[in-house]
$ cat coords.txt   # compact mmCIF, C-alpha atoms
# COMPACT_ATOMS: atom_id res chain seq x y z
CA MET A 1 -45.94 -138.08 -59.17
CA PRO A 2 -45.70 -136.72 -55.61
CA GLU A 3 -47.50 -133.48 -54.78
CA LEU A 4 -45.70 -130.44 -56.12
CA ASP A 5 -45.31 -127.07 -54.47
CA GLN A 6 -46.65 -123.99 -56.26
CA PHE A 7 -43.46 -123.24 -58.14
CA GLU A 8 -42.96 -126.84 -59.19
CA GLY A 9 -46.57 -126.88 -60.36
CA ARG A 10 -45.87 -123.92 -62.63
CA LEU A 11 -42.67 -125.53 -63.79
CA ALA A 12 -44.50 -128.74 -64.64
CA ALA A 13 -47.14 -126.72 -66.53
CA ALA A 14 -44.42 -124.93 -68.50
CA VAL A 15 -42.75 -128.22 -69.41
CA HIS A 16 -46.11 -129.66 -70.51
CA ALA A 17 -46.87 -126.54 -72.54
CA PHE A 18 -43.51 -126.80 -74.22
CA ALA A 19 -44.01 -130.50 -74.97
CA ASP A 20 -47.45 -129.71 -76.43
CA ARG A 21 -45.72 -128.16 -79.43
CA ALA A 22 -44.23 -131.49 -80.45
CA ASP A 23 -45.83 -133.20 -83.40
CA THR A 24 -46.65 -136.66 -82.08
CA ARG A 25 -48.55 -137.95 -85.09
CA VAL A 26 -47.13 -141.25 -86.23
CA ASP A 27 -47.53 -144.08 -88.68
CA PRO A 28 -46.95 -146.87 -86.13
CA LEU A 29 -46.29 -149.54 -88.73
CA ALA A 30 -43.66 -147.39 -90.44
CA VAL A 31 -41.99 -146.64 -87.10
CA ALA A 32 -42.09 -150.30 -86.11
CA GLU A 33 -40.73 -151.42 -89.48
CA ARG A 34 -37.85 -148.99 -89.32
CA ALA A 35 -37.12 -150.05 -85.73
CA ILE A 36 -37.10 -153.71 -86.62
CA GLY A 37 -34.95 -153.03 -89.68
CA ARG A 38 -37.29 -154.89 -91.98
CA ARG A 39 -37.20 -153.87 -95.60
CA ARG A 40 -39.81 -154.83 -98.10
CA PHE A 41 -38.40 -156.75 -101.05
CA ALA A 42 -37.93 -154.46 -104.02
CA SER A 43 -38.68 -155.96 -107.39
CA LEU A 44 -36.07 -155.83 -110.10
CA VAL A 45 -36.84 -153.69 -113.11
CA TRP A 46 -36.55 -155.20 -116.58
CA LEU A 47 -37.01 -153.03 -119.65
CA GLY A 48 -38.57 -150.37 -117.54
CA ARG A 49 -41.17 -152.68 -115.95
CA PRO A 50 -40.97 -154.13 -112.46
CA LEU A 51 -40.53 -157.87 -112.42
CA PRO A 52 -42.67 -159.94 -110.06
CA VAL A 53 -40.82 -160.97 -106.90
CA THR A 54 -40.73 -164.63 -107.98
CA ALA A 55 -39.22 -163.69 -111.32
CA SER A 56 -36.72 -161.42 -109.57
CA ILE A 57 -35.60 -164.27 -107.31
CA LEU A 58 -35.29 -166.65 -110.25
CA LEU A 59 -33.28 -164.08 -112.18
CA VAL A 60 -30.89 -163.53 -109.27
CA LEU A 61 -30.51 -167.28 -108.73
CA GLY A 62 -29.83 -167.74 -112.45
CA LEU A 63 -27.14 -165.07 -112.38
CA LEU A 64 -25.54 -166.65 -109.32
CA LEU A 65 -25.51 -170.10 -110.93
CA ALA A 66 -24.00 -168.66 -114.11
CA LEU A 67 -21.30 -166.95 -112.05
CA LEU A 68 -20.62 -170.20 -110.17
CA ALA A 69 -20.33 -172.18 -113.40
CA TRP A 70 -17.99 -169.58 -114.88
CA SER A 71 -15.89 -169.50 -111.74
CA VAL A 72 -15.50 -173.30 -111.61
CA GLY A 73 -15.17 -174.03 -115.33
CA VAL A 74 -13.24 -171.11 -116.74
CA GLY A 75 -11.58 -169.53 -113.79
CA ALA A 76 -12.57 -166.50 -111.92
CA PRO A 77 -11.25 -163.06 -112.76
CA TRP A 78 -9.52 -162.99 -109.36
CA ASP A 79 -6.01 -164.17 -108.65
CA HIS A 80 -7.19 -166.96 -106.38
CA ARG A 81 -10.14 -169.25 -106.81
CA THR A 82 -12.88 -168.09 -104.50
CA SER A 83 -15.49 -170.18 -102.85
CA ILE A 84 -19.10 -169.20 -102.43
CA VAL A 85 -20.05 -168.92 -98.79
CA LEU A 86 -23.31 -168.15 -97.14
CA LEU A 87 -23.23 -164.64 -95.80
CA PRO A 88 -24.93 -163.90 -92.51
CA ALA A 89 -28.29 -162.21 -92.80
CA PRO A 90 -28.09 -158.43 -92.67
CA THR A 91 -28.73 -157.00 -89.25
CA ALA A 92 -29.92 -153.62 -88.10
CA ALA A 93 -27.26 -150.98 -87.79
CA PRO A 94 -26.02 -150.75 -84.21
CA THR A 95 -27.50 -147.88 -82.26
CA THR A 96 -26.22 -146.18 -79.21
CA GLY A 97 -28.38 -146.91 -76.21
CA PRO A 98 -28.43 -147.04 -72.50
CA SER A 99 -26.36 -150.16 -72.45
CA ALA A 100 -23.00 -151.28 -73.75
CA THR A 101 -22.71 -152.91 -77.13
CA LEU A 102 -22.28 -156.62 -76.61
CA MET A 103 -19.20 -158.20 -78.08
CA PRO A 104 -19.59 -161.68 -79.53
CA THR A 105 -20.48 -164.26 -76.93
CA THR A 106 -17.43 -165.90 -75.41
CA ASP A 107 -16.95 -169.63 -74.98
CA GLY A 108 -17.34 -169.11 -71.23
CA ALA A 109 -13.90 -170.38 -70.34
CA GLY A 110 -10.46 -168.94 -69.74
CA ALA A 111 -9.41 -165.34 -69.56
CA GLU A 112 -11.77 -162.99 -71.39
CA HIS A 113 -12.58 -159.36 -72.08
CA VAL A 114 -16.28 -159.01 -71.31
CA THR A 115 -18.99 -156.40 -71.97
CA GLY A 116 -22.69 -156.21 -71.38
CA SER A 117 -25.61 -154.44 -69.80
CA GLY A 118 -27.96 -154.78 -66.87
CA THR A 119 -31.27 -153.70 -65.47
CA PHE A 120 -31.22 -151.98 -62.15
CA SER A 121 -33.67 -151.55 -59.29
CA ILE A 122 -33.23 -149.85 -55.95
CA VAL A 123 -33.81 -152.05 -52.91
CA ASP A 124 -33.01 -149.38 -50.33
CA SER A 125 -32.37 -145.75 -51.28
CA GLY A 126 -30.47 -145.23 -48.02
CA THR A 127 -30.36 -142.16 -45.84
CA SER A 128 -28.80 -138.76 -46.55
CA THR A 129 -27.11 -136.60 -43.98
CA GLN A 130 -25.79 -133.10 -44.56
CA VAL A 131 -22.39 -132.55 -42.94
CA GLY A 132 -21.16 -129.07 -43.77
CA ASP A 133 -21.03 -128.85 -47.55
CA THR A 134 -21.00 -132.62 -47.91
CA THR A 135 -24.07 -134.76 -48.43
CA GLN A 136 -23.42 -138.23 -47.07
CA LEU A 137 -25.56 -141.05 -48.42
CA ARG A 138 -25.31 -144.33 -46.55
CA GLY A 139 -27.06 -147.67 -46.84
CA PHE A 140 -27.87 -147.48 -50.55
CA VAL A 141 -28.64 -150.98 -51.86
CA ALA A 142 -29.57 -151.87 -55.42
CA GLN A 143 -30.12 -155.07 -57.31
CA SER A 144 -29.14 -155.53 -60.93
CA THR A 145 -29.53 -158.21 -63.54
CA ASP A 146 -26.35 -158.26 -65.58
CA THR A 147 -26.50 -159.67 -69.08
CA MET A 148 -22.98 -160.04 -70.35
CA ASN A 149 -21.36 -161.70 -73.33
CA ASP A 150 -19.82 -164.28 -70.99
CA PRO A 151 -22.18 -166.47 -68.94
CA ARG A 152 -19.78 -166.55 -66.00
CA VAL A 153 -20.40 -162.86 -65.29
CA SER A 154 -24.10 -162.78 -66.10
CA GLY A 155 -26.46 -163.02 -63.17
CA THR A 156 -28.05 -161.11 -60.33
CA GLY A 157 -25.97 -158.50 -58.57
CA THR A 158 -26.33 -156.76 -55.23
CA LEU A 159 -24.69 -153.36 -55.02
CA ARG A 160 -24.13 -151.64 -51.67
CA LEU A 161 -22.83 -148.09 -51.91
CA SER A 162 -21.87 -145.13 -49.79
CA ILE A 163 -21.71 -141.77 -51.54
CA ASP A 164 -20.30 -138.42 -50.45
CA THR A 165 -21.25 -135.50 -52.66
CA HIS A 166 -19.53 -132.13 -52.67
CA ASP A 167 -21.46 -129.77 -54.93
CA GLN A 168 -20.90 -131.15 -58.46
CA VAL A 169 -18.54 -134.00 -57.60
CA GLY A 170 -18.67 -137.00 -55.33
CA THR A 171 -16.98 -140.19 -54.25
CA GLU A 172 -18.63 -143.61 -54.28
CA TRP A 173 -17.51 -146.83 -52.62
CA GLY A 174 -19.00 -150.10 -51.49
CA THR A 175 -19.31 -153.75 -52.45
CA TYR A 176 -20.76 -155.78 -55.28
CA ARG A 177 -21.83 -159.41 -55.24
CA LEU A 178 -22.84 -161.08 -58.48
CA VAL A 179 -24.47 -164.50 -58.30
CA ASN A 180 -25.47 -167.03 -60.94
CA ALA A 181 -26.21 -170.74 -61.05
CA ASP A 182 -22.56 -171.70 -61.24
CA GLY A 183 -21.04 -169.46 -58.62
CA ALA A 184 -20.50 -165.92 -57.47
CA TRP A 185 -18.17 -162.92 -57.65
CA GLU A 186 -17.71 -160.55 -54.76
CA GLY A 187 -15.48 -157.66 -53.85
CA PRO A 188 -15.14 -153.93 -53.19
CA LEU A 189 -15.93 -151.19 -55.69
CA ALA A 190 -14.80 -147.58 -55.63
CA GLY A 191 -14.94 -144.62 -57.92
CA ALA A 192 -16.13 -141.09 -58.41
CA ALA A 193 -19.05 -139.09 -59.74
CA TRP A 194 -19.08 -135.68 -61.38
CA SER A 195 -21.36 -133.34 -63.33
CA GLY A 196 -23.73 -133.21 -60.40
CA GLY A 197 -23.83 -136.97 -60.16
CA ASP A 198 -24.73 -137.37 -63.81
CA ALA A 199 -21.53 -139.19 -64.70
CA SER A 200 -19.62 -141.74 -62.71
CA ALA A 201 -17.04 -144.47 -62.91
CA VAL A 202 -16.60 -147.27 -60.41
CA THR A 203 -14.28 -150.23 -60.69
CA GLY A 204 -13.24 -153.15 -58.58
CA TYR A 205 -11.81 -156.64 -58.42
CA LEU A 206 -14.39 -159.31 -57.62
CA VAL A 207 -13.15 -162.67 -56.37
CA GLY A 208 -14.81 -165.77 -57.79
CA SER A 209 -16.34 -168.63 -55.86
CA GLY A 210 -18.09 -171.87 -56.79
CA ALA A 211 -17.28 -172.64 -60.41
CA ASN A 212 -15.47 -169.29 -60.56
CA ALA A 213 -13.08 -170.16 -57.72
CA GLY A 214 -9.51 -169.29 -58.58
CA TRP A 215 -10.57 -166.50 -60.95
CA THR A 216 -10.99 -162.75 -60.59
CA TYR A 217 -13.47 -160.50 -62.40
CA TYR A 218 -12.33 -156.90 -62.88
CA ILE A 219 -15.49 -154.84 -63.38
CA ASP A 220 -15.63 -151.31 -64.79
CA VAL A 221 -19.00 -149.51 -64.63
CA ARG A 222 -19.16 -146.17 -66.41
CA SER A 223 -22.28 -144.06 -66.44
CA SER A 224 -22.92 -140.88 -68.34
CA GLY A 225 -26.37 -139.43 -68.00
CA PHE A 226 -28.72 -142.28 -68.59
CA ALA A 227 -26.22 -144.54 -70.35
CA THR A 228 -24.27 -147.18 -68.47
CA GLU A 229 -21.48 -149.25 -69.90
CA LEU A 230 -20.27 -152.45 -68.27
CA LYS A 231 -16.85 -153.78 -69.16
CA GLY A 232 -14.27 -155.96 -67.54
CA ILE A 233 -11.91 -158.85 -67.75
CA ILE A 234 -11.86 -162.32 -66.24
CA PHE A 235 -8.43 -163.56 -65.35
CA PRO A 236 -6.91 -166.43 -63.34
CA GLY A 237 -5.60 -165.90 -59.84
CA PRO A 238 -6.28 -163.38 -57.10
CA PRO A 239 -6.66 -159.62 -57.48
CA PRO A 240 -3.36 -157.78 -57.81
CA GLY A 241 -1.80 -156.59 -54.59
CA PRO A 242 -1.32 -152.94 -53.63
CA MET B 1 -49.87 -152.98 -71.42
CA ALA B 2 -50.14 -156.63 -70.45
CA THR B 3 -47.13 -158.76 -69.62
CA SER B 4 -48.11 -161.19 -72.37
CA ALA B 5 -48.10 -158.39 -74.96
CA ILE B 6 -44.61 -157.31 -73.93
CA ARG B 7 -43.39 -160.89 -73.96
CA SER B 8 -44.88 -161.46 -77.39
CA ALA B 9 -43.28 -158.32 -78.76
CA ALA B 10 -39.96 -159.24 -77.16
CA ALA B 11 -40.22 -162.66 -78.80
CA GLY B 12 -40.60 -161.05 -82.21
CA ASP B 13 -44.33 -160.46 -82.61
CA THR B 14 -44.27 -157.39 -84.85
CA ALA B 15 -47.99 -156.73 -84.51
CA GLU B 16 -47.68 -156.50 -80.71
CA PHE B 17 -44.63 -154.31 -81.14
CA ALA B 18 -46.61 -151.96 -83.39
CA ARG B 19 -49.33 -151.81 -80.72
CA ILE B 20 -46.71 -150.77 -78.18
CA VAL B 21 -45.51 -148.09 -80.61
CA VAL B 22 -49.08 -146.76 -80.88
CA ALA B 23 -49.45 -146.70 -77.11
CA TYR B 24 -46.22 -144.92 -76.18
CA HIS B 25 -44.83 -143.08 -79.22
CA ALA B 26 -46.42 -139.75 -78.30
CA ASP B 27 -45.08 -139.88 -74.73
CA MET B 28 -41.59 -140.55 -76.05
CA VAL B 29 -41.71 -137.75 -78.63
CA ARG B 30 -42.89 -135.24 -76.02
CA VAL B 31 -40.01 -136.13 -73.69
CA ALA B 32 -37.45 -136.12 -76.52
CA TYR B 33 -38.81 -132.78 -77.72
CA VAL B 34 -38.21 -131.19 -74.31
CA VAL B 35 -34.73 -132.71 -74.06
CA SER B 36 -33.85 -131.44 -77.54
CA GLY B 37 -34.94 -127.92 -76.66
CA GLY B 38 -37.72 -127.90 -79.22
CA SER B 39 -36.24 -129.63 -82.26
CA GLN B 40 -38.91 -131.77 -83.91
CA ASP B 41 -36.40 -133.43 -86.26
CA LEU B 42 -34.10 -134.37 -83.42
CA ALA B 43 -36.97 -135.63 -81.31
CA ASP B 44 -38.25 -137.79 -84.19
CA ASP B 45 -34.79 -139.23 -84.87
CA ALA B 46 -34.19 -139.89 -81.19
CA VAL B 47 -37.49 -141.71 -80.75
CA GLN B 48 -36.93 -143.77 -83.89
CA ALA B 49 -33.53 -144.81 -82.50
CA ALA B 50 -35.17 -145.55 -79.16
CA TRP B 51 -37.67 -147.89 -80.82
CA ALA B 52 -34.80 -149.78 -82.46
CA ILE B 53 -33.30 -150.27 -79.00
CA ALA B 54 -36.69 -151.24 -77.60
CA TRP B 55 -37.10 -153.90 -80.28
CA HIS B 56 -33.85 -155.53 -79.22
CA LYS B 57 -34.13 -155.06 -75.46
CA LEU B 58 -37.83 -155.26 -74.71
CA GLY B 59 -37.22 -158.59 -73.01
CA SER B 60 -35.32 -156.83 -70.24
CA VAL B 61 -38.55 -155.15 -69.05
CA ARG B 62 -39.83 -157.46 -66.35
CA ASP B 63 -42.67 -155.33 -64.99
CA PRO B 64 -45.22 -154.09 -67.56
CA GLU B 65 -45.96 -151.13 -65.32
CA ARG B 66 -42.38 -150.01 -65.87
CA LEU B 67 -42.63 -150.12 -69.65
CA LYS B 68 -43.56 -146.47 -70.18
CA ALA B 69 -40.88 -145.25 -67.79
CA TRP B 70 -38.30 -147.41 -69.53
CA LEU B 71 -39.31 -146.28 -73.01
CA VAL B 72 -39.32 -142.56 -72.21
CA SER B 73 -35.95 -142.86 -70.51
CA VAL B 74 -34.49 -144.57 -73.58
CA ALA B 75 -35.96 -141.78 -75.74
CA ALA B 76 -34.53 -139.13 -73.41
CA ASN B 77 -31.15 -140.79 -73.55
CA GLU B 78 -31.17 -140.97 -77.33
CA ALA B 79 -32.19 -137.30 -77.52
CA ARG B 80 -29.32 -136.35 -75.21
CA GLN B 81 -26.82 -138.21 -77.32
CA LEU B 82 -28.15 -136.79 -80.58
CA CYS B 83 -28.04 -133.28 -79.14
CA ARG B 84 -24.43 -133.77 -78.24
CA ARG B 85 -23.58 -135.18 -81.63
CA ARG B 86 -25.23 -132.26 -83.37
CA ARG B 87 -23.44 -129.78 -81.13
CA ARG B 88 -26.64 -128.19 -79.95
CA LEU B 89 -25.40 -127.97 -76.38
CA ALA B 90 -24.12 -124.43 -76.36
CA ALA B 91 -27.25 -122.55 -77.32
CA VAL B 92 -30.57 -123.98 -78.27
CA GLU B 93 -33.03 -121.41 -79.52
CA ILE B 94 -36.49 -122.06 -78.22
CA ASP B 95 -39.48 -120.54 -79.93
CA VAL B 96 -41.39 -119.16 -77.00
CA GLY B 97 -43.91 -117.31 -79.13
CA GLY B 98 -45.28 -120.25 -81.05
CA ARG B 99 -48.51 -120.67 -79.15
CA ASP B 100 -50.92 -118.27 -77.59
CA PRO B 101 -54.00 -120.10 -76.49
CA ALA B 102 -57.09 -117.98 -76.88
CA GLY B 103 -58.68 -117.01 -73.61
CA SER B 104 -55.64 -117.70 -71.43
CA ASP B 105 -54.92 -115.22 -68.68
CA PRO B 106 -52.13 -112.88 -69.92
CA ALA B 107 -50.48 -112.96 -66.48
CA ASP B 108 -50.40 -116.74 -66.49
CA ARG B 109 -49.10 -116.68 -70.04
CA ALA B 110 -46.28 -114.33 -69.04
CA ASP B 111 -45.28 -116.72 -66.24
CA GLU B 112 -45.32 -119.58 -68.69
CA LEU B 113 -43.14 -117.69 -71.17
CA ASP B 114 -40.61 -116.80 -68.47
CA LEU B 115 -40.36 -120.43 -67.47
CA GLU B 116 -40.03 -121.53 -71.05
CA ARG B 117 -37.27 -119.00 -71.64
CA ALA B 118 -35.52 -120.34 -68.56
CA LEU B 119 -35.81 -123.87 -69.93
CA GLY B 120 -34.00 -122.70 -73.04
CA HIS B 121 -30.92 -121.82 -71.04
CA LEU B 122 -30.60 -125.19 -69.38
CA SER B 123 -28.09 -127.85 -70.34
CA ILE B 124 -29.28 -130.98 -72.10
CA GLU B 125 -28.73 -132.97 -68.93
CA ASP B 126 -30.94 -130.64 -66.94
CA ARG B 127 -33.65 -130.64 -69.59
CA ALA B 128 -33.57 -134.44 -69.59
CA LEU B 129 -34.06 -134.41 -65.86
CA LEU B 130 -36.96 -131.94 -66.11
CA ALA B 131 -38.55 -133.89 -68.97
CA LEU B 132 -38.47 -137.17 -67.07
CA ARG B 133 -39.65 -135.56 -63.84
CA TYR B 134 -42.32 -133.15 -65.00
CA GLU B 135 -43.35 -134.33 -68.47
CA ALA B 136 -43.14 -138.10 -67.96
CA GLY B 137 -44.07 -137.78 -64.28
CA LEU B 138 -41.32 -140.04 -62.94
CA ASP B 139 -40.16 -139.55 -59.37
CA SER B 140 -36.55 -139.42 -58.26
CA SER B 141 -36.47 -143.11 -57.38
CA GLU B 142 -37.75 -144.09 -60.80
CA ILE B 143 -35.33 -141.78 -62.61
CA GLY B 144 -32.53 -143.07 -60.40
CA ALA B 145 -33.40 -146.67 -61.13
CA LEU B 146 -33.46 -146.06 -64.87
CA ALA B 147 -30.30 -143.98 -64.80
CA ARG B 148 -28.53 -146.33 -62.41
CA ARG B 149 -28.10 -143.46 -60.02
CA PRO B 150 -29.11 -143.34 -56.38
CA ALA B 151 -32.46 -141.65 -55.90
CA ALA B 152 -30.80 -139.31 -53.44
CA THR B 153 -28.44 -138.12 -56.16
CA VAL B 154 -31.37 -137.45 -58.48
CA ARG B 155 -33.19 -135.57 -55.73
CA TRP B 156 -30.03 -133.58 -55.08
CA ARG B 157 -29.73 -132.57 -58.73
CA LEU B 158 -33.44 -131.78 -59.04
CA ALA B 159 -33.48 -129.68 -55.91
CA ARG B 160 -30.51 -127.64 -57.13
CA LEU B 161 -32.07 -127.25 -60.56
CA VAL B 162 -35.44 -126.12 -59.23
CA ALA B 163 -33.73 -123.71 -56.83
CA ARG B 164 -31.73 -122.27 -59.71
CA LEU B 165 -34.82 -121.82 -61.87
CA ARG B 166 -36.72 -120.29 -58.98
CA LYS B 167 -33.92 -117.74 -58.45
CA GLU B 168 -33.54 -117.07 -62.16
CA LEU B 169 -37.23 -116.30 -62.48
CA ALA B 170 -37.29 -114.20 -59.33
CA ASP B 171 -34.38 -112.12 -60.68
CA ALA B 172 -35.96 -111.75 -64.12
$ encode --input "coords.txt" --output "structure tokens"
Amino acid sequence: MPELDQFEGRLAAAVHAFADRADTRVDPLAVAERAIGRRRFASLVWLGRPLPVTASILLVLGLLLALLAWSVGVGAPWDHRTSIVLLPAPTAAPTTGPSATLMPTTDGAGAEHVTGSGTFSIVDSGTSTQVGDTTQLRGFVAQSTDTMNDPRVSGTGTLRLSIDTHDQVGTEWGTYRLVNADGAWEGPLAGAAWSGGDASAVTGYLVGSGANAGWTYYIDVRSSGFATELKGIIFPGPPPGP
Amino acid sequence: MATSAIRSAAAGDTAEFARIVVAYHADMVRVAYVVSGGSQDLADDAVQAAWAIAWHKLGSVRDPERLKAWLVSVAANEARQLCRRRRRLAAVEIDVGGRDPAGSDPADRADELDLERALGHLSIEDRALLALRYEAGLDSSEIGALARRPAATVRWRLARLVARLRKELADA
């Protein structure tokens, strides 16, 4: 952390002192297990005694086979004959995070609604100039790795932005170029920021090249605090006219 | 934390993942605690949710030196969202009398209390910024990179926040 002035030093000490009150004791295995979503197998209880896991599995299998035999031979209690299908394994409940929830992966062809997330690193933080009440930031360049649910819009992006801030609100504009092994997308982005720059929305139409030639990627990047959501659509033809 | 350990954990090695939990859990709880305004329950829930995200997205961390920064920012983000969901934005009571270290200079302690009281009046967003800057020790560029915000914007917000706190304490 860069050197702090006297007031910032006191502020940092106060924040540390406040954080010292937190109880940071932890059972790491319990935390990790809950994070992974793993549940230990619970044994079935029979006449008040827990059955061994093997016996529990055999009992469940036996019940399933009996149900199958009944369903096939006698007829199920439902109006229509049902078939037994393998259910997907249970997955951890979705949690809200700093990235968008991925929709199912697309087939990577045709028009699509896409979502995803990306990592972000600043290549050049640009230069700020104060003009009256406006802070003008120019030359900001960042690189991102976008992981989307459609391979055509996953890849490495280069974002070039100019930002004008006026107290709690600001305008942002620039260009975005997204490259992957099959081609690229490039075009202008524009949007706005508010809440002191904590929230923003920028959108734009990116024109495809290479394997993406003839297609347009509409990208919508919404940030709130430390969460960023990437959405968009891929559609045939050029961007719409004014 | 070695790159190989992160890769192993990202590939599903639960033992490596547990080692990462041991290494960084406390840092994450401390940051989430500041963001929450002093709610232990909220901080614990936020960090647990952050570990679930980490389990799924650990592979996105390319540089092992960035792991701590990434983890605390995820924890801060989860704490922010939980605070909002629990409608704790308007007024978060902070217990400023919970600790009185023996032997500390009363004048220093008074300064500390004033600052802590000031922290209690901040918004969640501002506390998140302070937690990442002063508790986790991230600079504006790092916070900006994690928040997908230009570093200049982060500096702008921090400067305004520090100026506000400075004035608030001077007026107190």
$ interface_residues --input "coords.txt" --of "chain B" --to "chain A" --cutoff "6 Å" --atoms "only C-alpha atoms" --output "list in words"
Ala18, Val21, Val22, Ala26, Arg30, Val34, Trp51, Ala52, Asn77, Glu112, Tyr134, Glu135, Gly137, Asp139, Ala145 and Ala147 of chain B
$ closest_residue --input "coords.txt" --among "A:Ala192, A:Ile219, A:Val179, A:Val114" --to "Met148 in chain A" --atoms "all atoms listed in the file"
A:Val114
$ closest_residue --input "coords.txt" --among "B:Thr153, B:Ser141, B:Ser8, B:Thr3" --to "Leu67 in chain B" --atoms "all atoms listed in the file"
B:Thr3
$ closest_residue --input "coords.txt" --among "A:Arg152, A:Arg138, A:Arg177, A:His166" --to "Asp107 in chain A" --atoms "all atoms listed in the file"
A:Arg152
$ residues_around --input "coords.txt" --residues "Glu78 in chain B" --least-positions-apart "3" --cutoff "6 Å" --atoms "all atoms listed in the file" --output "VMD selection string"
chain B and resid 46 75 81
